[in-house]
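All remarks here apply to the structure that follows.
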Amino acid sequence: MVVNCQLKRVYVNEKWCLGCHLCEYYCAFASTGEKDMARALKDIRINPRIRVEERNGISFAVSCRHCTEPLCVKGCITGALSKSGGIITVDRNRCIGCYTCILSCPYGAVSPSEDGAIQKCELCIKTHEGTPRCVSGCPNGAIVFEERGE
């Protein structure tokens, strides 16, 4: 599993976010398992686990905050969402698509996937070791993966 990142989270510095949406493409690319982004994402509509939104001229990325007391996990009636080592993960085989977790998340970080199950940021632990792809792909350093105090 993941070593020594129980307290690391993805944070966004809105002052530096360009609103370029590259983090969304890197996120979608990370879940393909492919080596070439252009080939992996060509001619498909991406459905990333991170979203860039804009309000009042400020761009910011929305992704799972891996809460200390996650309402999405508490609200999941099948146990498809669980928390281990500080990271909330999805067991897609257990998800029945009731979307209670979507309604429970105060940050809007859980969304439906293409097949009806839910999806959310899992810090790329299933597809990529180390720094999440949205962080490493951000051209302006607006997205960081670091430990911060509560």
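By order in the structure tokens, chains are A, B, ...; within a chain, residues start at 1; ligands start at 1, following the order shown.
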
Could you pull the residues within 12 Å of Glu114 in chain A, counting only C-alpha atoms, minus those fewer than 6 positions along the same chain, as a short mmCIF file (atom, residue, chain, number, x, y, z; two decimals) with N, CA and C atoms, in the first residue's frame?
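The result, stored in around-v4.cif:
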data_model
loop_
_atom_site.label_atom_id
_atom_site.label_comp_id
_atom_site.auth_asym_id
_atom_site.auth_seq_id
_atom_site.Cartn_x
_atom_site.Cartn_y
_atom_site.Cartn_z
N ILE A 44 -11.89 10.65 -26.79
CA ILE A 44 -12.79 10.23 -25.71
C ILE A 44 -13.17 11.45 -24.88
N ARG A 45 -14.33 11.37 -24.26
CA ARG A 45 -14.77 12.41 -23.33
C ARG A 45 -14.26 11.99 -21.96
N ILE A 46 -13.42 12.82 -21.35
CA ILE A 46 -12.84 12.44 -20.07
C ILE A 46 -13.84 12.63 -18.93
N ASN A 47 -13.67 11.81 -17.89
CA ASN A 47 -14.50 11.90 -16.69
C ASN A 47 -13.54 11.81 -15.50
N PRO A 48 -12.81 12.91 -15.22
CA PRO A 48 -11.77 12.88 -14.19
C PRO A 48 -12.33 12.86 -12.78
N ARG A 49 -11.46 12.50 -11.84
CA ARG A 49 -11.82 12.47 -10.43
C ARG A 49 -11.50 13.80 -9.73
N ARG A 92 -15.34 -0.74 -6.31
CA ARG A 92 -16.35 -0.59 -7.36
C ARG A 92 -17.25 -1.81 -7.49
N GLY A 97 -24.50 2.15 -6.87
CA GLY A 97 -24.94 3.37 -7.54
C GLY A 97 -26.11 4.06 -6.88
#

Next on the checklist: So that I can check the surroundings of Ser63 in chain A, please list as a PyMOL selection string every protein, DNA and RNA residue that reaches within 12 Å of it, counting only C-alpha atoms and ignoring chain neighbours fewer than 3 positions away.
Outcome noted: chain A and resi 9-12+23-24+27+48-53+60+66-67+88+105-111+119-123+132+134-135+143

Go ahead and write the selection's residues with N, CA and C atoms as an mmCIF file, in the first residue's frame.
data_model
loop_
_atom_site.group_PDB
_atom_site.id
_atom_site.type_symbol
_atom_site.label_atom_id
_atom_site.label_comp_id
_atom_site.auth_asym_id
_atom_site.auth_seq_id
_atom_site.Cartn_x
_atom_site.Cartn_y
_atom_site.Cartn_z
ATOM 1 N N ARG A 9 -2.117 15.236 1.584
ATOM 2 C CA ARG A 9 -3.350 15.490 0.862
ATOM 3 C C ARG A 9 -3.048 16.372 -0.336
ATOM 4 N N VAL A 10 -3.986 16.434 -1.251
ATOM 5 C CA VAL A 10 -3.904 17.338 -2.395
ATOM 6 C C VAL A 10 -4.523 18.659 -1.967
ATOM 7 N N TYR A 11 -3.757 19.724 -2.116
ATOM 8 C CA TYR A 11 -4.237 21.068 -1.804
ATOM 9 C C TYR A 11 -4.078 21.934 -3.051
ATOM 10 N N VAL A 12 -4.939 22.942 -3.151
ATOM 11 C CA VAL A 12 -4.904 23.838 -4.309
ATOM 12 C C VAL A 12 -4.700 25.269 -3.834
ATOM 13 N N CYS A 23 -4.971 19.354 -14.967
ATOM 14 C CA CYS A 23 -5.080 18.387 -13.870
ATOM 15 C C CYS A 23 -6.170 17.359 -14.173
ATOM 16 N N GLU A 24 -7.246 17.794 -14.811
ATOM 17 C CA GLU A 24 -8.315 16.869 -15.177
ATOM 18 C C GLU A 24 -7.820 15.841 -16.195
ATOM 19 N N CYS A 27 -5.454 13.405 -14.486
ATOM 20 C CA CYS A 27 -6.249 12.490 -13.669
ATOM 21 C C CYS A 27 -6.885 11.401 -14.540
ATOM 22 N N PRO A 48 -12.810 12.913 -15.219
ATOM 23 C CA PRO A 48 -11.766 12.875 -14.193
ATOM 24 C C PRO A 48 -12.328 12.860 -12.775
ATOM 25 N N ARG A 49 -11.464 12.503 -11.840
ATOM 26 C CA ARG A 49 -11.819 12.474 -10.427
ATOM 27 C C ARG A 49 -11.501 13.800 -9.731
ATOM 28 N N ILE A 50 -10.986 14.746 -10.476
ATOM 29 C CA ILE A 50 -10.746 16.105 -10.012
ATOM 30 C C ILE A 50 -11.401 17.017 -11.048
ATOM 31 N N ARG A 51 -11.975 18.127 -10.579
ATOM 32 C CA ARG A 51 -12.647 19.051 -11.490
ATOM 33 C C ARG A 51 -12.183 20.472 -11.215
ATOM 34 N N VAL A 52 -11.955 21.228 -12.265
ATOM 35 C CA VAL A 52 -11.644 22.642 -12.119
ATOM 36 C C VAL A 52 -12.951 23.414 -12.277
ATOM 37 N N GLU A 53 -13.214 24.262 -11.310
ATOM 38 C CA GLU A 53 -14.393 25.106 -11.356
ATOM 39 C C GLU A 53 -13.949 26.555 -11.278
ATOM 40 N N PHE A 60 -10.373 27.009 -9.326
ATOM 41 C CA PHE A 60 -9.911 26.120 -8.268
ATOM 42 C C PHE A 60 -10.290 24.684 -8.612
ATOM 43 N N HIS A 66 -10.210 13.545 1.664
ATOM 44 C CA HIS A 66 -9.885 12.416 2.545
ATOM 45 C C HIS A 66 -10.080 12.825 4.001
ATOM 46 N N CYS A 67 -11.308 13.207 4.295
ATOM 47 C CA CYS A 67 -11.687 13.757 5.591
ATOM 48 C C CYS A 67 -11.338 12.830 6.757
ATOM 49 N N ILE A 88 -9.391 7.457 1.525
ATOM 50 C CA ILE A 88 -10.714 6.892 1.270
ATOM 51 C C ILE A 88 -10.706 6.281 -0.124
ATOM 52 N N CYS A 105 -21.212 14.074 0.605
ATOM 53 C CA CYS A 105 -19.935 14.782 0.539
ATOM 54 C C CYS A 105 -20.161 16.293 0.548
ATOM 55 N N PRO A 106 -19.650 16.986 1.579
ATOM 56 C CA PRO A 106 -19.859 18.431 1.638
ATOM 57 C C PRO A 106 -19.025 19.220 0.619
ATOM 58 N N TYR A 107 -18.085 18.558 -0.044
ATOM 59 C CA TYR A 107 -17.195 19.249 -0.979
ATOM 60 C C TYR A 107 -17.522 18.968 -2.444
ATOM 61 N N GLY A 108 -18.486 18.101 -2.715
ATOM 62 C CA GLY A 108 -18.827 17.775 -4.094
ATOM 63 C C GLY A 108 -17.735 17.006 -4.802
ATOM 64 N N ALA A 109 -17.000 16.187 -4.046
ATOM 65 C CA ALA A 109 -15.833 15.496 -4.598
ATOM 66 C C ALA A 109 -16.113 14.066 -5.039
ATOM 67 N N VAL A 110 -17.328 13.595 -4.873
ATOM 68 C CA VAL A 110 -17.705 12.250 -5.315
ATOM 69 C C VAL A 110 -18.648 12.424 -6.496
ATOM 70 N N SER A 111 -18.431 11.655 -7.551
ATOM 71 C CA SER A 111 -19.264 11.807 -8.744
ATOM 72 C C SER A 111 -19.557 10.438 -9.362
ATOM 73 N N GLN A 119 -17.085 7.474 -8.429
ATOM 74 C CA GLN A 119 -15.643 7.645 -8.524
ATOM 75 C C GLN A 119 -15.252 8.846 -7.690
ATOM 76 N N LYS A 120 -14.026 8.839 -7.211
ATOM 77 C CA LYS A 120 -13.478 9.936 -6.433
ATOM 78 C C LYS A 120 -11.972 9.819 -6.450
ATOM 79 N N CYS A 121 -11.301 10.865 -6.057
ATOM 80 C CA CYS A 121 -9.842 10.830 -6.008
ATOM 81 C C CYS A 121 -9.378 9.830 -4.960
ATOM 82 N N GLU A 122 -8.451 8.978 -5.373
ATOM 83 C CA GLU A 122 -7.836 8.023 -4.455
ATOM 84 C C GLU A 122 -6.331 8.251 -4.404
ATOM 85 N N LEU A 123 -5.927 9.468 -4.726
ATOM 86 C CA LEU A 123 -4.523 9.893 -4.703
ATOM 87 C C LEU A 123 -3.640 9.038 -5.605
ATOM 88 N N PRO A 132 0.419 12.185 -6.842
ATOM 89 C CA PRO A 132 -0.724 12.053 -7.757
ATOM 90 C C PRO A 132 -0.465 12.783 -9.070
ATOM 91 N N CYS A 134 -2.336 14.569 -11.004
ATOM 92 C CA CYS A 134 -2.824 15.950 -11.139
ATOM 93 C C CYS A 134 -1.800 16.940 -10.600
ATOM 94 N N VAL A 135 -1.083 16.536 -9.552
ATOM 95 C CA VAL A 135 -0.075 17.397 -8.940
ATOM 96 C C VAL A 135 1.146 17.511 -9.847
ATOM 97 N N ILE A 143 -1.337 22.976 -7.654
ATOM 98 C CA ILE A 143 -1.790 21.801 -6.915
ATOM 99 C C ILE A 143 -0.567 21.169 -6.267
#

Next on the checklist: When DSSP is applied to the backbone of this structure, which of range 9-149 of chain A are assigned strand (DSSP E or B)? Write them out as a VMD selection string.
Outcome noted: chain A and resid 9 to 12 51 to 55 58 to 62 81 to 84 87 to 90 111 to 112 118 to 119 143 to 147

Given the selection you just returned, output its residues as a file containing N, CA and C atoms, formatted as a PDB file, in the first residue's frame.
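Below you can see result27.pdb, which holds the result:
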ATOM      1  N   ARG A   9      -2.117  15.236   1.584  1.00  0.00           N
ATOM      2  CA  ARG A   9      -3.350  15.490   0.862  1.00  0.00           C
ATOM      3  C   ARG A   9      -3.048  16.372  -0.336  1.00  0.00           C
ATOM      4  N   VAL A  10      -3.986  16.434  -1.251  1.00  0.00           N
ATOM      5  CA  VAL A  10      -3.904  17.338  -2.395  1.00  0.00           C
ATOM      6  C   VAL A  10      -4.523  18.659  -1.967  1.00  0.00           C
ATOM      7  N   TYR A  11      -3.757  19.724  -2.116  1.00  0.00           N
ATOM      8  CA  TYR A  11      -4.237  21.068  -1.804  1.00  0.00           C
ATOM      9  C   TYR A  11      -4.078  21.934  -3.051  1.00  0.00           C
ATOM     10  N   VAL A  12      -4.939  22.942  -3.151  1.00  0.00           N
ATOM     11  CA  VAL A  12      -4.904  23.838  -4.309  1.00  0.00           C
ATOM     12  C   VAL A  12      -4.700  25.269  -3.834  1.00  0.00           C
ATOM     13  N   ARG A  51     -11.975  18.127 -10.579  1.00  0.00           N
ATOM     14  CA  ARG A  51     -12.647  19.051 -11.490  1.00  0.00           C
ATOM     15  C   ARG A  51     -12.183  20.472 -11.215  1.00  0.00           C
ATOM     16  N   VAL A  52     -11.955  21.228 -12.265  1.00  0.00           N
ATOM     17  CA  VAL A  52     -11.644  22.642 -12.119  1.00  0.00           C
ATOM     18  C   VAL A  52     -12.951  23.414 -12.277  1.00  0.00           C
ATOM     19  N   GLU A  53     -13.214  24.262 -11.310  1.00  0.00           N
ATOM     20  CA  GLU A  53     -14.393  25.106 -11.356  1.00  0.00           C
ATOM     21  C   GLU A  53     -13.949  26.555 -11.278  1.00  0.00           C
ATOM     22  N   GLU A  54     -14.818  27.443 -11.697  1.00  0.00           N
ATOM     23  CA  GLU A  54     -14.515  28.865 -11.629  1.00  0.00           C
ATOM     24  C   GLU A  54     -15.702  29.609 -11.048  1.00  0.00           C
ATOM     25  N   ARG A  55     -15.403  30.441 -10.064  1.00  0.00           N
ATOM     26  CA  ARG A  55     -16.432  31.285  -9.451  1.00  0.00           C
ATOM     27  C   ARG A  55     -15.834  32.662  -9.219  1.00  0.00           C
ATOM     28  N   ILE A  58     -12.220  33.274 -10.039  1.00  0.00           N
ATOM     29  CA  ILE A  58     -11.208  32.464  -9.357  1.00  0.00           C
ATOM     30  C   ILE A  58     -11.376  31.017  -9.786  1.00  0.00           C
ATOM     31  N   SER A  59     -10.303  30.416 -10.297  1.00  0.00           N
ATOM     32  CA  SER A  59     -10.326  29.002 -10.683  1.00  0.00           C
ATOM     33  C   SER A  59      -9.772  28.176  -9.534  1.00  0.00           C
ATOM     34  N   PHE A  60     -10.373  27.009  -9.326  1.00  0.00           N
ATOM     35  CA  PHE A  60      -9.911  26.120  -8.268  1.00  0.00           C
ATOM     36  C   PHE A  60     -10.290  24.684  -8.612  1.00  0.00           C
ATOM     37  N   ALA A  61      -9.502  23.762  -8.102  1.00  0.00           N
ATOM     38  CA  ALA A  61      -9.748  22.345  -8.353  1.00  0.00           C
ATOM     39  C   ALA A  61     -10.499  21.744  -7.175  1.00  0.00           C
ATOM     40  N   VAL A  62     -11.470  20.889  -7.478  1.00  0.00           N
ATOM     41  CA  VAL A  62     -12.251  20.192  -6.461  1.00  0.00           C
ATOM     42  C   VAL A  62     -11.874  18.723  -6.526  1.00  0.00           C
ATOM     43  N   LEU A  81     -17.234   2.243   0.137  1.00  0.00           N
ATOM     44  CA  LEU A  81     -16.241   3.251   0.505  1.00  0.00           C
ATOM     45  C   LEU A  81     -15.625   2.867   1.844  1.00  0.00           C
ATOM     46  N   SER A  82     -14.326   2.946   1.918  1.00  0.00           N
ATOM     47  CA  SER A  82     -13.645   2.655   3.179  1.00  0.00           C
ATOM     48  C   SER A  82     -12.434   3.562   3.316  1.00  0.00           C
ATOM     49  N   LYS A  83     -11.942   3.648   4.545  1.00  0.00           N
ATOM     50  CA  LYS A  83     -10.790   4.490   4.820  1.00  0.00           C
ATOM     51  C   LYS A  83      -9.697   3.631   5.437  1.00  0.00           C
ATOM     52  N   SER A  84      -8.518   3.703   4.825  1.00  0.00           N
ATOM     53  CA  SER A  84      -7.369   2.953   5.329  1.00  0.00           C
ATOM     54  C   SER A  84      -6.130   3.809   5.148  1.00  0.00           C
ATOM     55  N   ILE A  87      -6.615   7.288   3.631  1.00  0.00           N
ATOM     56  CA  ILE A  87      -7.089   7.445   2.251  1.00  0.00           C
ATOM     57  C   ILE A  87      -8.431   6.740   2.084  1.00  0.00           C
ATOM     58  N   ILE A  88      -9.391   7.457   1.525  1.00  0.00           N
ATOM     59  CA  ILE A  88     -10.714   6.892   1.270  1.00  0.00           C
ATOM     60  C   ILE A  88     -10.706   6.281  -0.124  1.00  0.00           C
ATOM     61  N   THR A  89     -11.032   4.994  -0.195  1.00  0.00           N
ATOM     62  CA  THR A  89     -11.020   4.290  -1.472  1.00  0.00           C
ATOM     63  C   THR A  89     -12.402   3.712  -1.787  1.00  0.00           C
ATOM     64  N   VAL A  90     -12.572   3.351  -3.051  1.00  0.00           N
ATOM     65  CA  VAL A  90     -13.833   2.810  -3.548  1.00  0.00           C
ATOM     66  C   VAL A  90     -13.631   1.371  -3.986  1.00  0.00           C
ATOM     67  N   SER A 111     -18.431  11.655  -7.551  1.00  0.00           N
ATOM     68  CA  SER A 111     -19.264  11.807  -8.744  1.00  0.00           C
ATOM     69  C   SER A 111     -19.557  10.438  -9.362  1.00  0.00           C
ATOM     70  N   PRO A 112     -20.593  10.375 -10.211  1.00  0.00           N
ATOM     71  CA  PRO A 112     -20.878   9.120 -10.906  1.00  0.00           C
ATOM     72  C   PRO A 112     -19.796   8.829 -11.940  1.00  0.00           C
ATOM     73  N   ILE A 118     -19.663   4.925  -8.413  1.00  0.00           N
ATOM     74  CA  ILE A 118     -19.123   6.253  -8.127  1.00  0.00           C
ATOM     75  C   ILE A 118     -17.624   6.267  -8.357  1.00  0.00           C
ATOM     76  N   GLN A 119     -17.085   7.474  -8.429  1.00  0.00           N
ATOM     77  CA  GLN A 119     -15.643   7.645  -8.524  1.00  0.00           C
ATOM     78  C   GLN A 119     -15.252   8.846  -7.690  1.00  0.00           C
ATOM     79  N   ILE A 143      -1.337  22.976  -7.654  1.00  0.00           N
ATOM     80  CA  ILE A 143      -1.790  21.801  -6.915  1.00  0.00           C
ATOM     81  C   ILE A 143      -0.567  21.169  -6.267  1.00  0.00           C
ATOM     82  N   VAL A 144      -0.661  20.939  -4.959  1.00  0.00           N
ATOM     83  CA  VAL A 144       0.457  20.351  -4.211  1.00  0.00           C
ATOM     84  C   VAL A 144      -0.017  19.132  -3.441  1.00  0.00           C
ATOM     85  N   PHE A 145       0.916  18.252  -3.129  1.00  0.00           N
ATOM     86  CA  PHE A 145       0.651  17.051  -2.342  1.00  0.00           C
ATOM     87  C   PHE A 145       1.573  17.133  -1.142  1.00  0.00           C
ATOM     88  N   GLU A 146       1.006  17.501   0.000  1.00  0.00           N
ATOM     89  CA  GLU A 146       1.848  17.738   1.165  1.00  0.00           C
ATOM     90  C   GLU A 146       1.092  17.518   2.459  1.00  0.00           C
ATOM     91  N   GLU A 147       1.843  17.455   3.545  1.00  0.00           N
ATOM     92  CA  GLU A 147       1.273  17.365   4.880  1.00  0.00           C
ATOM     93  C   GLU A 147       1.047  18.767   5.401  1.00  0.00           C
TER      94      GLU A 147
END

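By only C-alpha atoms, and with residues fewer than 4 positions from Cys101 in chain A along its chain excluded, the set lying at most 6 Å from it is Cys72, Gly75 and Cys76 of chain A.
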
For C-alpha atoms, I'd like the residues from the last selection saved as a CSV table (one decimal), in the first residue's frame.
chain,number,residue,atom,x,y,z
A,72,CYS,CA,-19.3,9.6,2.4
A,75,GLY,CA,-23.4,7.1,4.4
A,76,CYS,CA,-22.3,4.2,2.1

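If you measure from each of A:Lys42, A:Gly141, A:Leu103, A:Ala117 to Thr78 in chain A using only C-alpha atoms, the closest one turns out to be A:Ala117.
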
Next on the checklist: For the structure I just gave you, how does DSSP split range 23-134 of chain A - specifically, which residues are alpha helix (DSSP H)? Reply as a ChimeraX atom specification.
Outcome noted: /A:23-30,37-41,71-75,100-104,133-134

Write out as an mmCIF file with C-alpha atoms, in the first residue's frame which residues come within 7 Å of range 126-130 of chain A when counting only C-alpha atoms, dropping same-chain ones fewer than 6 positions away.
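File produced: result08.cif:
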data_model
loop_
_atom_site.group_PDB
_atom_site.id
_atom_site.type_symbol
_atom_site.label_atom_id
_atom_site.label_comp_id
_atom_site.auth_asym_id
_atom_site.auth_seq_id
_atom_site.Cartn_x
_atom_site.Cartn_y
_atom_site.Cartn_z
ATOM 1 C CA ALA A 30 -3.742 8.122 -14.680
ATOM 2 C CA SER A 31 -6.747 5.823 -14.623
ATOM 3 C CA GLY A 33 -2.945 2.564 -17.294
#

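Here the question is which of A:Gly86, A:Ile77, A:Gly19, A:Asn93 gets nearest to Arg65 in chain A using only C-alpha atoms, and that residue is A:Gly86.
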